[in-house]
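Colleague: Handing you this structure, nothing more for now.
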Amino acid sequence: MEHQQRPCLSLGPVYYLWDGPKWRDFYFRIADEAPVAHVVIGETVCSKREHFIEPHVADVVERLEAAGKQVVFSSLAMVTLERESQRVRALVRDSTHPVEVNDLAALGLIKGKPHSIGPLVNVYNAATARLLAGRGAVNICLPPELPMRSVREIASSMPDVSFEVFAFGRMPLAISARCAHARSKGLVKDNCQFICGEEPDGLPLRTLDRQSFLVLNGVQTMSHSCVALVGELDDLGAAGIARIRLSPQDCDMVAVAKLYQSVMEGRLGSEEAIDRLQAIYPAAPFSNGFYHQKEGAAWIAKGRTAGLGL
């Protein structure tokens with residue numbers, strides 16, 4: 001049975017290191033102009049970056065909530081130090097807002113309290129989703145590497161849980177205790193000098209034959225391509241997906257959100273939307289391969305999905 005309710009848009013956390021004023025002004029504009037219902041904020045990738053945004057968090061939350069957005073706080077993707085453990089404990093214990101869990105450390109602490117699951121947690125099947133829902137998860141953002149067949153199966157098996165799909169942005173692929181970004185600049189993690197801030201959209205990597213491959217973002221590895229599930233929005237809505245997640249890139253994310261909203265409302269065709277999206281974010285090729293059971297970096301044009309088992 002197809003679900004008739006249209007999904008809403010959500011905005012994931014900024015994965016990159018942006019300076020405090022840029023981070024603040026980004027969210028101020030999201031609050032004032034972007035048609036998103038849910039906004040996840042907070043440092044997810046590297047705890048050393050937290051002091052850049054801390055002075056602005058209260059103002060950002062106030063502005064977003066005044067605009068009617070639901071604010072969710074993100075937990076760290078990897079906890080390796082005692083001070084990081086203390087920060088996660090404090091977040092779970094003291095936050096007056098919902099928390100999005102991005103690793104098993106926070107998951108163990110938050111058991112029994114309503115929370116969200118972020119795309120960095122590997123939810124690959126319905127059994128895992130049921131386990132997480134039984135522990136208090138009320139919204140689960142599925143990992144971007146899942147094909148539509150799996151998305152549909154998971155969502156249909158649990159109609160009372162809100163599911164979210166990663167539909168725009170470079171894919172978060174891996175996280176490490178070491179910082180390859182700093183190492184590439186001749187530095188080490190403990191004295192990184194916040195060099196990752198020099199690439200507000202990530203540091204591109206190339207193979208030996210100069211082919212674009214991946215992107216470094218501090219301790220995080222991301223895809224070179226940018227997921228763009230514009231032509232798939234109708235299918236996601238029909239499958240019962242409640243939220244469509246946009247992951248912030250260093251571009252006009254208000255324009256991205258308005259474009260996705262126009263497609264979901266039927267005011268703009270997906271092919272024209274892709275053309276406009278390329279103008280908004282020309283920094284990376286678009287991909288939707290995982291969704292169509294192909295390699296993740298592939299681009300499957302709409303109308304070419306016959307025989308893919310979708």
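Residues in the structure tokens are numbered from 1 in each chain, the chains being A, B, ... in the order shown, and ligands are numbered from 1 in the order shown.
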Identify, on the basis of only C-alpha atoms, every residue whose closest approach to range 152-156 of chain A does not exceed 7 Å; exclude the query and any residue fewer than 2 positions from it along the same chain; express the result as number ranges by chain.
Modeller: A: 125-126, 148-150, 158-159, 163, 239-241
Colleague: Report as JSON lines: every residue of range 126-207 of chain A with an atom at most 12 Å from range 252-275 of chain A, its closest pair of atoms, and their distance in Å to one decimal, counting only C-alpha atoms, with rows sorted by chain and ascending residue number.
Modeller:
```
{"residue": "A:Ala167", "atom": "CA", "partner": "A:Tyr260", "partner_atom": "CA", "distance": 9.5}
{"residue": "A:Phe168", "atom": "CA", "partner": "A:Val256", "partner_atom": "CA", "distance": 8.7}
{"residue": "A:Gly169", "atom": "CA", "partner": "A:Met253", "partner_atom": "CA", "distance": 10.2}
```
Colleague: Selected residues, N, CA and C atoms, written as a PDB file, in the first residue's frame, please.
Modeller:
```pdb
ATOM      1  N   ALA A 167      19.371  12.468   0.721  1.00  0.00           N
ATOM      2  CA  ALA A 167      19.002  12.729  -0.677  1.00  0.00           C
ATOM      3  C   ALA A 167      19.802  13.825  -1.354  1.00  0.00           C
ATOM      4  N   PHE A 168      20.688  14.494  -0.626  1.00  0.00           N
ATOM      5  CA  PHE A 168      21.570  15.486  -1.251  1.00  0.00           C
ATOM      6  C   PHE A 168      22.820  15.645  -0.400  1.00  0.00           C
ATOM      7  N   GLY A 169      23.974  15.656  -1.059  1.00  0.00           N
ATOM      8  CA  GLY A 169      25.238  15.929  -0.381  1.00  0.00           C
ATOM      9  C   GLY A 169      26.269  14.850  -0.634  1.00  0.00           C
TER      10      GLY A 169
END
```
Colleague: Can you tell me, as a list in words, which residues in range 147-205 of chain A count as strand (DSSP E or B) by DSSP?
Modeller: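 Taking range 147-205 of chain A and keeping strand (DSSP E or B) gives Ser162, Phe163, Glu164, Val165, Phe166, Ala167, Phe168, Gly169, Arg170, Met171, Pro172, Leu173, Ala174, Ile175, Leu203, Pro204 and Leu205 of chain A.
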Colleague: Would you put the residues from that selection into a file with N, CA, C and O atoms, as a short mmCIF file (atom, residue, chain, number, x, y, z; two decimals), in the first residue's frame?
Modeller:
```
data_model
loop_
_atom_site.label_atom_id
_atom_site.label_comp_id
_atom_site.auth_asym_id
_atom_site.auth_seq_id
_atom_site.Cartn_x
_atom_site.Cartn_y
_atom_site.Cartn_z
N SER A 162 9.28 6.85 11.90
CA SER A 162 9.64 7.83 10.87
C SER A 162 10.99 7.45 10.27
O SER A 162 11.97 7.28 10.99
N PHE A 163 11.02 7.31 8.94
CA PHE A 163 12.27 7.02 8.25
C PHE A 163 12.67 8.19 7.36
O PHE A 163 11.82 8.89 6.80
N GLU A 164 13.97 8.36 7.24
CA GLU A 164 14.54 9.50 6.54
C GLU A 164 15.58 8.96 5.54
O GLU A 164 16.25 7.97 5.82
N VAL A 165 15.71 9.62 4.39
CA VAL A 165 16.67 9.19 3.38
C VAL A 165 17.60 10.34 3.03
O VAL A 165 17.17 11.48 2.84
N PHE A 166 18.88 10.04 2.95
CA PHE A 166 19.93 10.99 2.60
C PHE A 166 19.82 11.27 1.09
O PHE A 166 20.14 10.42 0.28
N ALA A 167 19.37 12.47 0.72
CA ALA A 167 19.00 12.73 -0.68
C ALA A 167 19.80 13.83 -1.35
O ALA A 167 19.61 14.08 -2.54
N PHE A 168 20.69 14.49 -0.63
CA PHE A 168 21.57 15.49 -1.25
C PHE A 168 22.82 15.64 -0.40
O PHE A 168 22.74 15.81 0.82
N GLY A 169 23.97 15.66 -1.06
CA GLY A 169 25.24 15.93 -0.38
C GLY A 169 26.27 14.85 -0.63
O GLY A 169 25.96 13.75 -1.10
N ARG A 170 27.51 15.17 -0.35
CA ARG A 170 28.57 14.16 -0.41
C ARG A 170 28.29 13.10 0.65
O ARG A 170 27.97 13.42 1.79
N MET A 171 28.47 11.85 0.28
CA MET A 171 28.15 10.76 1.20
C MET A 171 29.23 10.60 2.27
O MET A 171 30.42 10.54 1.94
N PRO A 172 28.85 10.54 3.54
CA PRO A 172 29.81 10.20 4.59
C PRO A 172 30.12 8.71 4.52
O PRO A 172 29.24 7.87 4.70
N LEU A 173 31.38 8.37 4.26
CA LEU A 173 31.75 6.98 4.02
C LEU A 173 32.47 6.33 5.19
O LEU A 173 32.26 5.16 5.49
N ALA A 174 33.36 7.06 5.85
CA ALA A 174 34.14 6.46 6.93
C ALA A 174 34.62 7.55 7.88
O ALA A 174 34.66 8.73 7.54
N ILE A 175 34.97 7.11 9.08
CA ILE A 175 35.50 8.02 10.09
C ILE A 175 36.70 7.32 10.74
O ILE A 175 36.71 6.09 10.87
N LEU A 203 38.59 18.26 1.05
CA LEU A 203 39.82 18.23 0.27
C LEU A 203 39.74 17.09 -0.75
O LEU A 203 39.75 15.92 -0.38
N PRO A 204 39.67 17.40 -2.05
CA PRO A 204 39.54 16.35 -3.07
C PRO A 204 40.78 15.47 -3.15
O PRO A 204 41.92 15.95 -3.04
N LEU A 205 40.56 14.18 -3.34
CA LEU A 205 41.64 13.22 -3.55
C LEU A 205 41.56 12.70 -4.98
O LEU A 205 40.47 12.59 -5.55
#
```
Colleague: Extract, using only C-alpha atoms, all DNA, RNA and protein residues at most 12 Å from Val72 in chain A, discarding same-chain residues fewer than 3 positions from it, and format them as an MDAnalysis selection string.
Modeller: chainID A and resid 10:13 37:43 57 60:61 64:65 69 75 91:92 95:101 114:118 139
Colleague: Take the residues from that selection and put them in a file with N, CA and C atoms, as a compact mmCIF listing (two decimals), in the first residue's frame.
Modeller:
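And here's part.txt as it stands now:
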```txt
# COMPACT_ATOMS: atom_id res chain seq x y z
N SER A 10 14.39 17.79 5.63
CA SER A 10 15.21 17.98 6.83
C SER A 10 16.61 18.40 6.39
N LEU A 11 17.32 19.02 7.29
CA LEU A 11 18.70 19.45 7.02
C LEU A 11 19.62 18.79 8.02
N GLY A 12 20.59 18.04 7.51
CA GLY A 12 21.55 17.39 8.39
C GLY A 12 22.57 18.38 8.93
N PRO A 13 23.46 17.92 9.82
CA PRO A 13 24.47 18.81 10.39
C PRO A 13 25.53 19.20 9.37
N ALA A 37 11.70 21.37 7.68
CA ALA A 37 10.95 21.24 8.93
C ALA A 37 11.84 20.86 10.10
N HIS A 38 12.91 20.11 9.83
CA HIS A 38 13.79 19.61 10.88
C HIS A 38 15.22 20.01 10.56
N VAL A 39 15.97 20.48 11.57
CA VAL A 39 17.35 20.90 11.37
C VAL A 39 18.22 20.27 12.44
N VAL A 40 19.23 19.51 12.00
CA VAL A 40 20.18 18.90 12.92
C VAL A 40 21.42 19.79 13.01
N ILE A 41 21.81 20.16 14.22
CA ILE A 41 22.97 21.02 14.41
C ILE A 41 23.93 20.37 15.40
N GLY A 42 25.14 20.91 15.45
CA GLY A 42 26.14 20.43 16.38
C GLY A 42 27.28 19.74 15.68
N GLU A 43 28.42 19.65 16.35
CA GLU A 43 29.61 19.04 15.75
C GLU A 43 29.48 17.52 15.72
N VAL A 57 25.63 28.77 19.26
CA VAL A 57 24.60 27.74 19.27
C VAL A 57 23.27 28.27 19.79
N VAL A 60 21.50 30.44 17.29
CA VAL A 60 21.03 29.65 16.15
C VAL A 60 19.76 28.89 16.51
N VAL A 61 19.76 28.26 17.68
CA VAL A 61 18.58 27.51 18.12
C VAL A 61 17.38 28.44 18.25
N LEU A 64 16.13 29.40 14.72
CA LEU A 64 15.48 28.28 14.03
C LEU A 64 14.11 27.99 14.63
N GLU A 65 14.03 27.98 15.95
CA GLU A 65 12.75 27.66 16.59
C GLU A 65 11.73 28.78 16.41
N LYS A 69 11.11 25.69 13.04
CA LYS A 69 11.87 24.47 12.74
C LYS A 69 12.05 23.64 14.01
N SER A 75 25.12 13.94 17.88
CA SER A 75 26.23 13.42 18.68
C SER A 75 27.45 13.20 17.80
N LEU A 91 25.47 15.64 26.69
CA LEU A 91 24.47 15.88 25.65
C LEU A 91 23.23 15.03 25.90
N VAL A 92 23.44 13.74 26.16
CA VAL A 92 22.32 12.84 26.40
C VAL A 92 21.59 13.19 27.69
N SER A 95 20.46 17.67 27.38
CA SER A 95 19.86 18.35 26.24
C SER A 95 18.34 18.46 26.39
N THR A 96 17.83 19.64 26.14
CA THR A 96 16.38 19.86 26.15
C THR A 96 15.78 19.64 24.76
N HIS A 97 16.63 19.22 23.82
CA HIS A 97 16.20 18.96 22.44
C HIS A 97 16.43 17.49 22.10
N PRO A 98 15.75 16.99 21.10
CA PRO A 98 16.02 15.62 20.66
C PRO A 98 17.48 15.48 20.24
N VAL A 99 18.02 14.28 20.40
CA VAL A 99 19.40 13.98 20.05
C VAL A 99 19.43 13.00 18.88
N GLU A 100 20.33 13.26 17.92
CA GLU A 100 20.56 12.32 16.84
C GLU A 100 21.83 11.54 17.15
N VAL A 101 21.69 10.23 17.24
CA VAL A 101 22.79 9.34 17.58
C VAL A 101 23.57 8.99 16.33
N PRO A 114 13.39 8.95 23.84
CA PRO A 114 13.13 9.18 22.41
C PRO A 114 14.33 9.88 21.76
N HIS A 115 14.73 9.38 20.60
CA HIS A 115 15.89 9.96 19.91
C HIS A 115 15.83 9.61 18.43
N SER A 116 16.75 10.19 17.66
CA SER A 116 16.88 9.88 16.24
C SER A 116 18.17 9.10 16.00
N ILE A 117 18.21 8.40 14.88
CA ILE A 117 19.41 7.69 14.47
C ILE A 117 19.92 8.36 13.20
N GLY A 118 21.21 8.72 13.18
CA GLY A 118 21.78 9.40 12.03
C GLY A 118 22.27 8.42 10.97
N ASN A 139 12.98 8.23 14.90
CA ASN A 139 13.29 8.60 13.51
C ASN A 139 14.64 7.99 13.16
```
Colleague: As an MDAnalysis selection string, list the residues of range 1-237 of chain A assigned to helix (DSSP H, G or I) by DSSP on the backbone atoms of this structure.
Modeller: chainID A and resid 20:33 47:66 82:94 104:109 126:134 148:157 180:184 189:191 195:198 233:237
Colleague: Just give me the gap between CA of Ala284 in chain A and CA of Ala238 in chain A in Å, one decimal is fine.
Modeller: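 Atom-to-atom, CA of Ala284 in chain A and CA of Ala238 in chain A are spaced 28.8 Å apart.
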Colleague: What separation in Å, quoted to one decimal, exists between CA of Gly197 in chain A and CA of Gln70 in chain A?
Modeller: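 Distance between the two atoms: 27.9 Å.
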Colleague: Applying 7 Å and only C-alpha atoms, which residues near Met78 in chain A remain after dropping the ones on its own chain fewer than 2 positions away? List them as a PyMOL selection string.
Modeller: chain A and resi 76+80+103
Colleague: Please write the residues from the selection above to a file, keeping N, CA and C atoms, as a PDB file, in the first residue's frame.
Modeller:
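Once written, selection.pdb looks like this:
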```
ATOM      1  N   LEU A  76      28.616  13.045  18.418  1.00  0.00           N
ATOM      2  CA  LEU A  76      29.838  12.778  17.673  1.00  0.00           C
ATOM      3  C   LEU A  76      29.773  11.423  16.970  1.00  0.00           C
ATOM      4  N   THR A  80      36.712   8.854  21.156  1.00  0.00           N
ATOM      5  CA  THR A  80      37.994   8.197  21.446  1.00  0.00           C
ATOM      6  C   THR A  80      38.667   8.740  22.697  1.00  0.00           C
ATOM      7  N   ASP A 103      26.771   7.166  16.751  1.00  0.00           N
ATOM      8  CA  ASP A 103      27.661   6.035  17.024  1.00  0.00           C
ATOM      9  C   ASP A 103      27.098   5.239  18.182  1.00  0.00           C
TER      10      ASP A 103
END
```
Colleague: Using only C-alpha atoms, which protein or nucleic acid residues come within 6 Å of His224 in chain A? Drop anything in the same chain fewer than 6 positions from it, and give the result as a PyMOL selection string.
Modeller: chain A and resi 213-215
Colleague: Now that the selection is made, can you save its residues with N, CA, C and O atoms as a PDB file, in the first residue's frame?
Modeller:
```pdb
ATOM      1  N   PHE A 213      38.414  10.934  -6.829  1.00  0.00           N
ATOM      2  CA  PHE A 213      38.083   9.698  -6.145  1.00  0.00           C
ATOM      3  C   PHE A 213      37.256   9.930  -4.886  1.00  0.00           C
ATOM      4  O   PHE A 213      36.081   9.623  -4.829  1.00  0.00           O
ATOM      5  N   LEU A 214      37.865  10.514  -3.868  1.00  0.00           N
ATOM      6  CA  LEU A 214      37.215  10.743  -2.589  1.00  0.00           C
ATOM      7  C   LEU A 214      37.463  12.181  -2.142  1.00  0.00           C
ATOM      8  O   LEU A 214      38.138  12.948  -2.827  1.00  0.00           O
ATOM      9  N   VAL A 215      36.924  12.525  -0.984  1.00  0.00           N
ATOM     10  CA  VAL A 215      37.137  13.839  -0.379  1.00  0.00           C
ATOM     11  C   VAL A 215      37.464  13.631   1.093  1.00  0.00           C
ATOM     12  O   VAL A 215      36.792  12.850   1.784  1.00  0.00           O
TER      13      VAL A 215
END
```
Colleague: Which residues are close to Ile53 in chain A, i.e. within 8 Å by only C-alpha atoms, leaving aside same-chain residues fewer than 5 positions away? Reply as a ChimeraX atom specification.
Modeller: /A:19-20,23-24,42
Colleague: Rank A:Leu104, A:Cys46, A:Val71, A:Leu229 by their smallest atom-to-atom distance to Glu84 in chain A, using only C-alpha atoms, and report the top residue only.
Modeller: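 Residue with the minimum atom-to-atom distance to Glu84 in chain A: A:Cys46.
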Colleague: Counting only C-alpha atoms, figure out which residue out of A:Ala67, A:Ala133, A:Arg83, A:Arg49 gets nearest to Cys192 in chain A.
Modeller: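 Nearest to Cys192 in chain A: A:Arg49.
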Colleague: As a ChimeraX atom specification, please: the residues near Leu131 in chain A (cut-off 12 Å, only C-alpha atoms, same-chain neighbours under 4 positions excluded).
Modeller: /A:107,111-112,117,123-127,135-138,140,158,161
Colleague: Return the single residue from A:Leu208, A:Ala129, A:Ala180, A:Arg243 that is closest to Val36 in chain A, with distances computed using only C-alpha atoms.
Modeller: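 Among the listed residues, the smallest separation from Val36 in chain A belongs to A:Arg243.
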Colleague: Using only C-alpha atoms, pick whichever of A:Lys113, A:Val14, A:Gly68, A:Trp299 has the shortest atom-to-atom distance to Gly202 in chain A.
Modeller: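 The shortest atom-to-atom distance to Gly202 in chain A comes from A:Val14.
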